[in-house]
Structures are given as C-alpha cells and as structure tokens.
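Okay, structure first, notes after.
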Amino acid sequence: MATPVIRISLIAALACWAGTLTAAADSLYRAQAIVTGQGEANRIIGFAACLEDVLIKASGALKLTGDPRLDVYKSRSADFVSGYSYHDQMSGTPKRDEQGTRDRPYDLVVDFDDKKIDDILKSFGLKPWLSRRPVLAVFVRMEQGSRQYIATSDAKQSDLQRDSLLAAALKWGTTIVLPDVAALAKANINAAELLTTPPRRLASLAAEQGGEVVLVGRLKWDDSELGWATEWRMDHHGRTHRWQLRGVTFDEAFRRGIGGAAQILSGNGDPG
C-alpha cells in the first residue's frame, strides 16, 4: 500500500477568505495584487501588474516577465478587465485614526476578458495553455550554513517555504505536491543526497502522491549576495532541463522555479 501523503490544496492553503478564489486551473484569467486603499490610481497600478501576471499564467510563458512589449498594453490595462474585487488584509482589525480605507492594504483580485487576453498573446506569437496541466511534484533542498532540509508538506521548519511554493503555484496556474516527512523516510531520501537521487526513485515517490512531473530544486544562501543561489532541474520528454539564478529571495526563486517548469510544459521553451 502506498504511503499516505498530504496532497496540498492551493485553495485551502492560500485563500485568505472563503469562496472568492477558485482552483488555479479554473481561473487562468484571474490574477491578484496587493494595493494600498481602494482609490483609482492604485487600482490602475494593480491592474497593470495583474495583466502581466495573467498573460504569463494563461500561456505558461514566464519569458514574458518584464517584456517591454507589454508596456503599451499595461498602460491601458483597465480595457482588458472584466471585473474586480477587494479583500481587506486587515479585516477584523480596528481602523486607527490615520488608517482608514485610504491607506489600508488590500488584495485586489482582477478577472480579465479571456478573448482579449488571448488576442494579446496571439500578437506575441503565443497561445493560451488550455490543455490539462500536469501536477508538479516539487523536491527542494534548502541550505543555510550547515543546516540542510527538504521542504515538506508537514514539517514545521518548512512552513515559510511551503506557503511560498503554494503561492507561486497559484500565481502561475499550476498544482503542486510536496513530500511529507514519513514518505521521504520510507523512500530513504534525505537532504544530503537529494540532488544525486536517481530520477526514477523520485518519480516513484512523486507518483504515490499524485505527482506527474518531478521538479528538483536547490536553494543555497549566499552571504555575499544576501540572497539565495538557486538551481532547478526537470526531466521532460526524455530531456533534462536546467536553469538557475542568484541573489534572490526564496519567494522569487520559487516563482522562477515553478514558472520555469510551466514554460517547459506549455511548450514555450527553456527558462532563461
């Protein structure tokens, strides 16, 4: 019998309020950004940020990040919005005298017109990634000094990394699973040997928890850069894909890791 594992629900883990976020696969044309207050000026800034995110999410093309061709569309991002809503991040917290609705932090949730988004993608020679998206089994080794561990679904030391990985998966419209401590122990997989573990063994463990494609990452803290040096590896269609970046937060590292996997799986090429 397969070892029971915890399949991580993006919605349960990340939805800040009940009933307003659907599963990532069902909301490819939705994105969200943090804004200050509900004024129009900040809302327009939020729309622009969300437009870039939703174009990447809908297509799987992480290479659109920071693409200057987006500027003309971002300047009129409201034209592509079909609806939006706010969630008060400080809901339940009494308003202070100098912190009313004007300067409170909100999650701005934006829905975009799917046809208009598809038309923008078409202008870039891209198309929406509408086929079923495989579940990523993510194995990440964290290294900080002499401390090493694998990010898991249930260990306390992985709390921050787990939440960040889930946020990255939701942002890019993917579903992920992480191993639990018991599953790793049963498979005799530890942090020290993760990067040299045969892909077949990782794929077997991934399959037990519903993962279909294995993504392996290594994040090592670099004091000189005050950031994480990151390496990612994924085998797909008989080919090993590798990409890396340095000097970033682990939030950005996970966004690049999962986004890079999405770019490969969507047929948009290797991550830069």
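Residue numbering restarts at 1 in every chain; chains get A, B, ... in the order shown in the structure tokens, and ligands count up from 1 in that same order.
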Give me the residues within 9 Å of region 118-134 of chain A as a ChimeraX atom specification, counting only C-alpha atoms and dropping any in the same chain fewer than 3 places off. /A:25,28,55,57-61,69,73,113-115,173-176,211-213,262,265-268
As a PyMOL selection string, list the residues of region 54-88 of chain A assigned to helix (DSSP H, G or I) by DSSP on the backbone atoms of this structure. chain A and resi 54-59+62-64+68-74+77-80
Selection above as a file: C-alpha atoms, as a PDB file, in the first residue's frame:
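Written out: part_34.pdb:
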ATOM      1  CA  VAL A  54      -2.342  36.781 -16.175  1.00  0.00           C
ATOM      2  CA  LEU A  55      -0.630  36.770 -19.570  1.00  0.00           C
ATOM      3  CA  ILE A  56       2.092  34.546 -18.102  1.00  0.00           C
ATOM      4  CA  LYS A  57      -0.397  32.419 -16.199  1.00  0.00           C
ATOM      5  CA  ALA A  58      -2.689  31.852 -19.172  1.00  0.00           C
ATOM      6  CA  SER A  59       0.138  30.971 -21.556  1.00  0.00           C
ATOM      7  CA  LEU A  62       7.420  33.020 -17.980  1.00  0.00           C
ATOM      8  CA  LYS A  63       9.653  34.692 -20.570  1.00  0.00           C
ATOM      9  CA  LEU A  64       7.056  37.488 -20.766  1.00  0.00           C
ATOM     10  CA  PRO A  68       8.895  45.816 -22.840  1.00  0.00           C
ATOM     11  CA  ARG A  69       6.259  44.888 -25.433  1.00  0.00           C
ATOM     12  CA  LEU A  70       3.796  44.670 -22.558  1.00  0.00           C
ATOM     13  CA  ASP A  71       4.117  48.354 -21.700  1.00  0.00           C
ATOM     14  CA  VAL A  72       1.612  49.567 -24.273  1.00  0.00           C
ATOM     15  CA  TYR A  73      -0.982  47.091 -23.009  1.00  0.00           C
ATOM     16  CA  LYS A  74      -0.254  47.782 -19.346  1.00  0.00           C
ATOM     17  CA  SER A  77      -4.833  47.569 -18.641  1.00  0.00           C
ATOM     18  CA  ALA A  78      -8.326  48.576 -17.490  1.00  0.00           C
ATOM     19  CA  ASP A  79      -9.553  47.958 -21.046  1.00  0.00           C
ATOM     20  CA  PHE A  80      -8.985  44.218 -20.594  1.00  0.00           C
TER      21      PHE A  80
END
Selected residue of minimal separation from Ala203 (chain A) among A:Val81, A:Ala33, A:Ile264, A:Met234, counting only C-alpha atoms: A:Met234
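Between Thr249 (chain A) and the candidates A:Asp154, A:Asp53, A:Asp222, A:Asp103, the tightest atom-to-atom separation, counting only C-alpha atoms, involves A:Asp222.
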With only C-alpha atoms as the counted atoms, please give the residues lying no more than 12 Å from Leu226 (chain A), apart from itself and same-chain residues fewer than 6 positions off, as a VMD selection string. chain A and resid 144 220 246 to 250
Put those residues in a file: N, CA, C and O atoms, as a PDB file, in the first residue's frame.
ATOM      1  N   GLN A 144      21.375  26.534   4.383  1.00  0.00           N
ATOM      2  CA  GLN A 144      21.794  27.792   5.001  1.00  0.00           C
ATOM      3  C   GLN A 144      22.860  27.455   6.037  1.00  0.00           C
ATOM      4  O   GLN A 144      22.569  26.928   7.101  1.00  0.00           O
ATOM      5  N   LYS A 220      20.556  27.693  -1.957  1.00  0.00           N
ATOM      6  CA  LYS A 220      21.678  27.844  -1.025  1.00  0.00           C
ATOM      7  C   LYS A 220      21.874  29.318  -0.711  1.00  0.00           C
ATOM      8  O   LYS A 220      22.024  30.145  -1.625  1.00  0.00           O
ATOM      9  N   ARG A 246      20.610  33.775  -9.138  1.00  0.00           N
ATOM     10  CA  ARG A 246      21.338  34.052  -7.897  1.00  0.00           C
ATOM     11  C   ARG A 246      20.847  35.349  -7.264  1.00  0.00           C
ATOM     12  O   ARG A 246      20.303  36.229  -7.931  1.00  0.00           O
ATOM     13  N   GLY A 247      21.090  35.439  -5.957  1.00  0.00           N
ATOM     14  CA  GLY A 247      20.853  36.682  -5.241  1.00  0.00           C
ATOM     15  C   GLY A 247      19.404  37.095  -5.138  1.00  0.00           C
ATOM     16  O   GLY A 247      19.096  38.287  -5.201  1.00  0.00           O
ATOM     17  N   VAL A 248      18.498  36.120  -4.978  1.00  0.00           N
ATOM     18  CA  VAL A 248      17.071  36.425  -4.916  1.00  0.00           C
ATOM     19  C   VAL A 248      16.480  35.926  -3.602  1.00  0.00           C
ATOM     20  O   VAL A 248      17.077  35.131  -2.882  1.00  0.00           O
ATOM     21  N   THR A 249      15.281  36.406  -3.284  1.00  0.00           N
ATOM     22  CA  THR A 249      14.541  35.865  -2.149  1.00  0.00           C
ATOM     23  C   THR A 249      14.044  34.470  -2.507  1.00  0.00           C
ATOM     24  O   THR A 249      13.977  34.103  -3.694  1.00  0.00           O
ATOM     25  N   PHE A 250      13.673  33.682  -1.488  1.00  0.00           N
ATOM     26  CA  PHE A 250      13.170  32.362  -1.857  1.00  0.00           C
ATOM     27  C   PHE A 250      11.791  32.468  -2.504  1.00  0.00           C
ATOM     28  O   PHE A 250      11.403  31.600  -3.277  1.00  0.00           O
TER      29      PHE A 250
END
Could you write out, as a ChimeraX atom specification, all the residues of region 30-268 of chain A that DSSP marks as strand (DSSP E)? /A:30-36,81-88,105-112,136-144,147-150,176-177,213-222,227-236,239-248
Just to confirm, what's the straight-line distance from CA of Val140 (chain A) to CA of Glu225 (chain A) in Å (one decimal)? 20.5 Å
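One finds CA of Thr152 (chain A) at 27.3 Å from CA of Asp107 (chain A).
Take CA of Ala31 (chain A) and CA of Arg233 (chain A): the distance between them is 26.9 Å.
Nearest residue to Trp228 (chain A) among A:Gly145, A:Val177, A:Thr197, A:Leu215 is A:Gly145, counting only C-alpha atoms.
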Which residues, written as a count of residues only, have at least one atom at most 10 Å from Asn188 (chain A), with only C-alpha atoms counted and residues fewer than 6 positions away on the same chain left out? 4
Contacts of region 43-47 of chain A within 12 Å, only C-alpha atoms, excl. fewer than 2 positions in-chain, as a PyMOL selection string: chain A and resi 30-41+49-54+73-86+102+105-112
For the residues selected in the previous step, produce a file with N, CA and C atoms as a CSV table (one decimal), in the first residue's frame.
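Output (out.csv):
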chain,number,residue,atom,x,y,z
A,30,ARG,N,-7.5,35.1,-14.1
A,30,ARG,CA,-7.6,35.9,-12.9
A,30,ARG,C,-6.2,36.0,-12.3
A,31,ALA,N,-6.0,37.2,-11.7
A,31,ALA,CA,-4.7,37.5,-11.0
A,31,ALA,C,-5.0,38.4,-9.8
A,32,GLN,N,-4.1,38.5,-9.0
A,32,GLN,CA,-4.3,39.5,-7.8
A,32,GLN,C,-3.0,40.2,-7.5
A,33,ALA,N,-3.1,41.4,-6.9
A,33,ALA,CA,-2.0,42.2,-6.5
A,33,ALA,C,-2.4,42.8,-5.2
A,34,ILE,N,-1.4,43.2,-4.4
A,34,ILE,CA,-1.6,44.0,-3.2
A,34,ILE,C,-1.5,45.5,-3.5
A,35,VAL,N,-2.6,46.2,-3.1
A,35,VAL,CA,-2.6,47.6,-3.3
A,35,VAL,C,-2.9,48.3,-2.0
A,36,THR,N,-2.7,49.6,-1.9
A,36,THR,CA,-3.0,50.4,-0.8
A,36,THR,C,-4.2,51.2,-1.0
A,37,GLY,N,-5.3,50.9,-0.2
A,37,GLY,CA,-6.5,51.6,-0.4
A,37,GLY,C,-7.3,51.1,-1.6
A,38,GLN,N,-8.4,51.7,-1.9
A,38,GLN,CA,-9.3,51.4,-3.0
A,38,GLN,C,-9.4,52.5,-4.0
A,39,GLY,N,-8.5,53.4,-4.0
A,39,GLY,CA,-8.5,54.5,-4.9
A,39,GLY,C,-8.2,54.1,-6.3
A,40,GLU,N,-8.6,54.9,-7.3
A,40,GLU,CA,-8.5,54.6,-8.7
A,40,GLU,C,-7.0,54.5,-9.1
A,41,ALA,N,-6.2,55.4,-8.6
A,41,ALA,CA,-4.8,55.5,-9.0
A,41,ALA,C,-4.1,54.2,-8.7
A,49,ALA,N,-0.1,45.4,-13.1
A,49,ALA,CA,0.7,44.2,-12.5
A,49,ALA,C,0.0,42.9,-12.8
A,50,CYS,N,-1.3,42.9,-12.6
A,50,CYS,CA,-2.1,41.7,-12.8
A,50,CYS,C,-2.2,41.3,-14.3
A,51,LEU,N,-2.2,42.3,-15.2
A,51,LEU,CA,-2.2,42.0,-16.6
A,51,LEU,C,-1.0,41.2,-17.0
A,52,GLU,N,0.2,41.6,-16.5
A,52,GLU,CA,1.4,40.8,-16.9
A,52,GLU,C,1.3,39.4,-16.3
A,53,ASP,N,0.9,39.3,-15.0
A,53,ASP,CA,0.8,38.0,-14.4
A,53,ASP,C,-0.2,37.1,-15.1
A,54,VAL,N,-1.3,37.6,-15.6
A,54,VAL,CA,-2.3,36.8,-16.2
A,54,VAL,C,-1.9,36.3,-17.6
A,73,TYR,N,0.2,47.7,-23.5
A,73,TYR,CA,-1.0,47.1,-23.0
A,73,TYR,C,-1.2,47.4,-21.5
A,74,LYS,N,-0.1,47.5,-20.8
A,74,LYS,CA,-0.3,47.8,-19.3
A,74,LYS,C,-0.7,49.2,-19.1
A,75,SER,N,-0.4,50.1,-20.1
A,75,SER,CA,-0.8,51.5,-20.0
A,75,SER,C,-2.3,51.7,-20.1
A,76,ARG,N,-3.0,50.7,-20.7
A,76,ARG,CA,-4.4,50.7,-20.7
A,76,ARG,C,-5.0,49.4,-20.3
A,77,SER,N,-4.5,48.9,-19.2
A,77,SER,CA,-4.8,47.6,-18.6
A,77,SER,C,-6.3,47.5,-18.3
A,78,ALA,N,-6.9,48.6,-17.9
A,78,ALA,CA,-8.3,48.6,-17.5
A,78,ALA,C,-9.2,48.1,-18.6
A,79,ASP,N,-8.7,48.3,-19.9
A,79,ASP,CA,-9.6,48.0,-21.0
A,79,ASP,C,-9.8,46.4,-21.1
A,80,PHE,N,-8.9,45.7,-20.5
A,80,PHE,CA,-9.0,44.2,-20.6
A,80,PHE,C,-9.6,43.6,-19.4
A,81,VAL,N,-10.0,44.4,-18.4
A,81,VAL,CA,-10.6,43.9,-17.2
A,81,VAL,C,-12.1,43.6,-17.3
A,82,SER,N,-12.6,42.5,-16.9
A,82,SER,CA,-14.0,42.2,-16.9
A,82,SER,C,-14.6,42.3,-15.5
A,83,GLY,N,-13.8,42.4,-14.5
A,83,GLY,CA,-14.4,42.5,-13.1
A,83,GLY,C,-13.3,42.5,-12.1
A,84,TYR,N,-13.5,43.1,-10.9
A,84,TYR,CA,-12.5,43.1,-9.9
A,84,TYR,C,-13.2,43.2,-8.5
A,85,SER,N,-12.4,42.8,-7.5
A,85,SER,CA,-12.9,42.9,-6.1
A,85,SER,C,-11.8,43.1,-5.2
A,86,TYR,N,-12.1,43.5,-3.9
A,86,TYR,CA,-11.1,43.7,-2.9
A,86,TYR,C,-11.2,42.8,-1.7
A,102,ARG,N,-8.4,54.5,3.1
A,102,ARG,CA,-7.4,55.1,2.1
A,102,ARG,C,-6.1,54.4,2.1
A,105,PRO,N,-3.9,48.0,3.5
A,105,PRO,CA,-3.5,47.1,2.4
A,105,PRO,C,-4.7,46.2,2.0
A,106,TYR,N,-4.9,46.0,0.7
A,106,TYR,CA,-5.9,45.2,0.1
A,106,TYR,C,-5.4,44.2,-0.9
A,107,ASP,N,-6.0,43.1,-1.0
A,107,ASP,CA,-5.7,42.2,-2.1
A,107,ASP,C,-6.7,42.6,-3.2
A,108,LEU,N,-6.2,43.0,-4.4
A,108,LEU,CA,-7.1,43.4,-5.5
A,108,LEU,C,-7.1,42.1,-6.4
A,109,VAL,N,-8.3,41.5,-6.5
A,109,VAL,CA,-8.5,40.3,-7.4
A,109,VAL,C,-9.1,40.8,-8.7
A,110,VAL,N,-8.4,40.5,-9.8
A,110,VAL,CA,-8.9,41.0,-11.1
A,110,VAL,C,-9.2,39.9,-12.0
A,111,ASP,N,-10.3,39.9,-12.7
A,111,ASP,CA,-10.7,39.0,-13.7
A,111,ASP,C,-10.6,39.7,-15.1
A,112,PHE,N,-9.9,39.0,-16.0
A,112,PHE,CA,-9.7,39.6,-17.3
A,112,PHE,C,-10.6,38.9,-18.4
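Between Trp221 (chain A) and the residues A:Glu143, A:Glu208, A:Asp235, A:Asp67, the shortest atom-to-atom distance, using only C-alpha atoms, involves A:Glu143.
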Near Ile150 (chain A), within 12 Å and counting only C-alpha atoms, which residues show up once chain neighbours fewer than 6 positions away are dropped, as a PDB file with N, CA and C atoms, in the first residue's frame?
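Once everything was written out, this is part-v6.pdb:
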ATOM      1  N   VAL A 138       7.277  18.622  -6.271  1.00  0.00           N
ATOM      2  CA  VAL A 138       8.402  19.527  -6.060  1.00  0.00           C
ATOM      3  C   VAL A 138       9.257  19.029  -4.891  1.00  0.00           C
ATOM      4  N   PHE A 139      10.529  18.805  -5.176  1.00  0.00           N
ATOM      5  CA  PHE A 139      11.507  18.421  -4.161  1.00  0.00           C
ATOM      6  C   PHE A 139      12.548  19.535  -4.094  1.00  0.00           C
ATOM      7  N   VAL A 140      12.591  20.241  -2.967  1.00  0.00           N
ATOM      8  CA  VAL A 140      13.501  21.379  -2.834  1.00  0.00           C
ATOM      9  C   VAL A 140      14.396  21.198  -1.615  1.00  0.00           C
ATOM     10  N   ARG A 141      15.711  21.313  -1.854  1.00  0.00           N
ATOM     11  CA  ARG A 141      16.669  21.284  -0.738  1.00  0.00           C
ATOM     12  C   ARG A 141      17.027  22.711  -0.363  1.00  0.00           C
ATOM     13  N   MET A 142      16.830  23.038   0.895  1.00  0.00           N
ATOM     14  CA  MET A 142      17.201  24.337   1.434  1.00  0.00           C
ATOM     15  C   MET A 142      18.535  24.201   2.164  1.00  0.00           C
ATOM     16  N   GLU A 143      19.471  25.117   1.904  1.00  0.00           N
ATOM     17  CA  GLU A 143      20.783  25.096   2.550  1.00  0.00           C
ATOM     18  C   GLU A 143      21.100  26.480   3.101  1.00  0.00           C
ATOM     19  N   GLN A 144      21.375  26.534   4.383  1.00  0.00           N
ATOM     20  CA  GLN A 144      21.794  27.792   5.001  1.00  0.00           C
ATOM     21  C   GLN A 144      22.860  27.455   6.037  1.00  0.00           C
ATOM     22  N   LYS A 156       7.416  21.581  10.474  1.00  0.00           N
ATOM     23  CA  LYS A 156       7.309  22.964  10.929  1.00  0.00           C
ATOM     24  C   LYS A 156       8.374  23.853  10.295  1.00  0.00           C
ATOM     25  N   GLN A 157       9.591  23.316  10.125  1.00  0.00           N
ATOM     26  CA  GLN A 157      10.678  24.129   9.583  1.00  0.00           C
ATOM     27  C   GLN A 157      10.437  24.542   8.133  1.00  0.00           C
ATOM     28  N   SER A 158       9.482  23.874   7.478  1.00  0.00           N
ATOM     29  CA  SER A 158       9.181  24.188   6.075  1.00  0.00           C
ATOM     30  C   SER A 158       8.014  25.141   5.909  1.00  0.00           C
ATOM     31  N   ASP A 159       7.460  25.656   7.001  1.00  0.00           N
ATOM     32  CA  ASP A 159       6.230  26.454   6.914  1.00  0.00           C
ATOM     33  C   ASP A 159       6.339  27.594   5.905  1.00  0.00           C
ATOM     34  N   GLN A 161       8.587  28.135   3.457  1.00  0.00           N
ATOM     35  CA  GLN A 161       8.830  27.674   2.092  1.00  0.00           C
ATOM     36  C   GLN A 161       7.579  27.025   1.493  1.00  0.00           C
ATOM     37  N   ARG A 162       6.866  26.277   2.297  1.00  0.00           N
ATOM     38  CA  ARG A 162       5.636  25.635   1.803  1.00  0.00           C
ATOM     39  C   ARG A 162       4.631  26.688   1.343  1.00  0.00           C
ATOM     40  N   LEU A 178       4.022  18.325  -2.403  1.00  0.00           N
ATOM     41  CA  LEU A 178       5.294  18.209  -1.706  1.00  0.00           C
ATOM     42  C   LEU A 178       5.314  16.897  -0.943  1.00  0.00           C
ATOM     43  N   PRO A 179       6.482  16.312  -0.759  1.00  0.00           N
ATOM     44  CA  PRO A 179       6.561  15.073   0.025  1.00  0.00           C
ATOM     45  C   PRO A 179       6.317  15.367   1.499  1.00  0.00           C
ATOM     46  N   ASP A 180       5.828  14.371   2.244  1.00  0.00           N
ATOM     47  CA  ASP A 180       5.790  14.536   3.689  1.00  0.00           C
ATOM     48  C   ASP A 180       6.986  13.819   4.301  1.00  0.00           C
ATOM     49  N   VAL A 181       7.220  14.064   5.574  1.00  0.00           N
ATOM     50  CA  VAL A 181       8.405  13.526   6.257  1.00  0.00           C
ATOM     51  C   VAL A 181       8.413  12.006   6.223  1.00  0.00           C
ATOM     52  N   ALA A 183       6.984   9.932   4.094  1.00  0.00           N
ATOM     53  CA  ALA A 183       7.215   9.408   2.744  1.00  0.00           C
ATOM     54  C   ALA A 183       8.689   9.470   2.384  1.00  0.00           C
ATOM     55  N   LEU A 184       9.356  10.568   2.739  1.00  0.00           N
ATOM     56  CA  LEU A 184      10.783  10.680   2.467  1.00  0.00           C
ATOM     57  C   LEU A 184      11.573   9.630   3.241  1.00  0.00           C
ATOM     58  N   ALA A 185      11.205   9.432   4.511  1.00  0.00           N
ATOM     59  CA  ALA A 185      11.904   8.443   5.326  1.00  0.00           C
ATOM     60  C   ALA A 185      11.724   7.039   4.764  1.00  0.00           C
ATOM     61  N   ILE A 189      15.134   8.944   1.346  1.00  0.00           N
ATOM     62  CA  ILE A 189      15.609  10.127   0.645  1.00  0.00           C
ATOM     63  C   ILE A 189      15.837  11.229   1.664  1.00  0.00           C
ATOM     64  N   ASN A 190      17.053  11.786   1.682  1.00  0.00           N
ATOM     65  CA  ASN A 190      17.352  12.860   2.630  1.00  0.00           C
ATOM     66  C   ASN A 190      17.942  14.056   1.894  1.00  0.00           C
ATOM     67  N   ALA A 191      18.101  15.153   2.628  1.00  0.00           N
ATOM     68  CA  ALA A 191      18.557  16.397   2.006  1.00  0.00           C
ATOM     69  C   ALA A 191      19.951  16.257   1.418  1.00  0.00           C
ATOM     70  N   ALA A 192      20.849  15.588   2.135  1.00  0.00           N
ATOM     71  CA  ALA A 192      22.235  15.480   1.685  1.00  0.00           C
ATOM     72  C   ALA A 192      22.348  14.785   0.339  1.00  0.00           C
ATOM     73  N   GLU A 193      21.458  13.832   0.074  1.00  0.00           N
ATOM     74  CA  GLU A 193      21.563  13.020  -1.141  1.00  0.00           C
ATOM     75  C   GLU A 193      20.481  13.335  -2.178  1.00  0.00           C
ATOM     76  N   LEU A 194      19.650  14.346  -1.921  1.00  0.00           N
ATOM     77  CA  LEU A 194      18.532  14.611  -2.821  1.00  0.00           C
ATOM     78  C   LEU A 194      18.983  14.847  -4.262  1.00  0.00           C
ATOM     79  N   LEU A 195      20.028  15.662  -4.435  1.00  0.00           N
ATOM     80  CA  LEU A 195      20.423  16.053  -5.784  1.00  0.00           C
ATOM     81  C   LEU A 195      21.044  14.901  -6.573  1.00  0.00           C
ATOM     82  N   VAL A 216      13.035  19.361  -9.288  1.00  0.00           N
ATOM     83  CA  VAL A 216      14.019  19.319  -8.202  1.00  0.00           C
ATOM     84  C   VAL A 216      14.719  20.667  -8.114  1.00  0.00           C
ATOM     85  N   GLY A 217      14.804  21.199  -6.902  1.00  0.00           N
ATOM     86  CA  GLY A 217      15.452  22.489  -6.713  1.00  0.00           C
ATOM     87  C   GLY A 217      16.445  22.483  -5.577  1.00  0.00           C
ATOM     88  N   ARG A 218      17.386  23.377  -5.659  1.00  0.00           N
ATOM     89  CA  ARG A 218      18.364  23.596  -4.583  1.00  0.00           C
ATOM     90  C   ARG A 218      18.478  25.088  -4.341  1.00  0.00           C
ATOM     91  N   LEU A 219      18.249  25.508  -3.104  1.00  0.00           N
ATOM     92  CA  LEU A 219      18.403  26.901  -2.720  1.00  0.00           C
ATOM     93  C   LEU A 219      19.489  26.977  -1.654  1.00  0.00           C
TER      94      LEU A 219
END
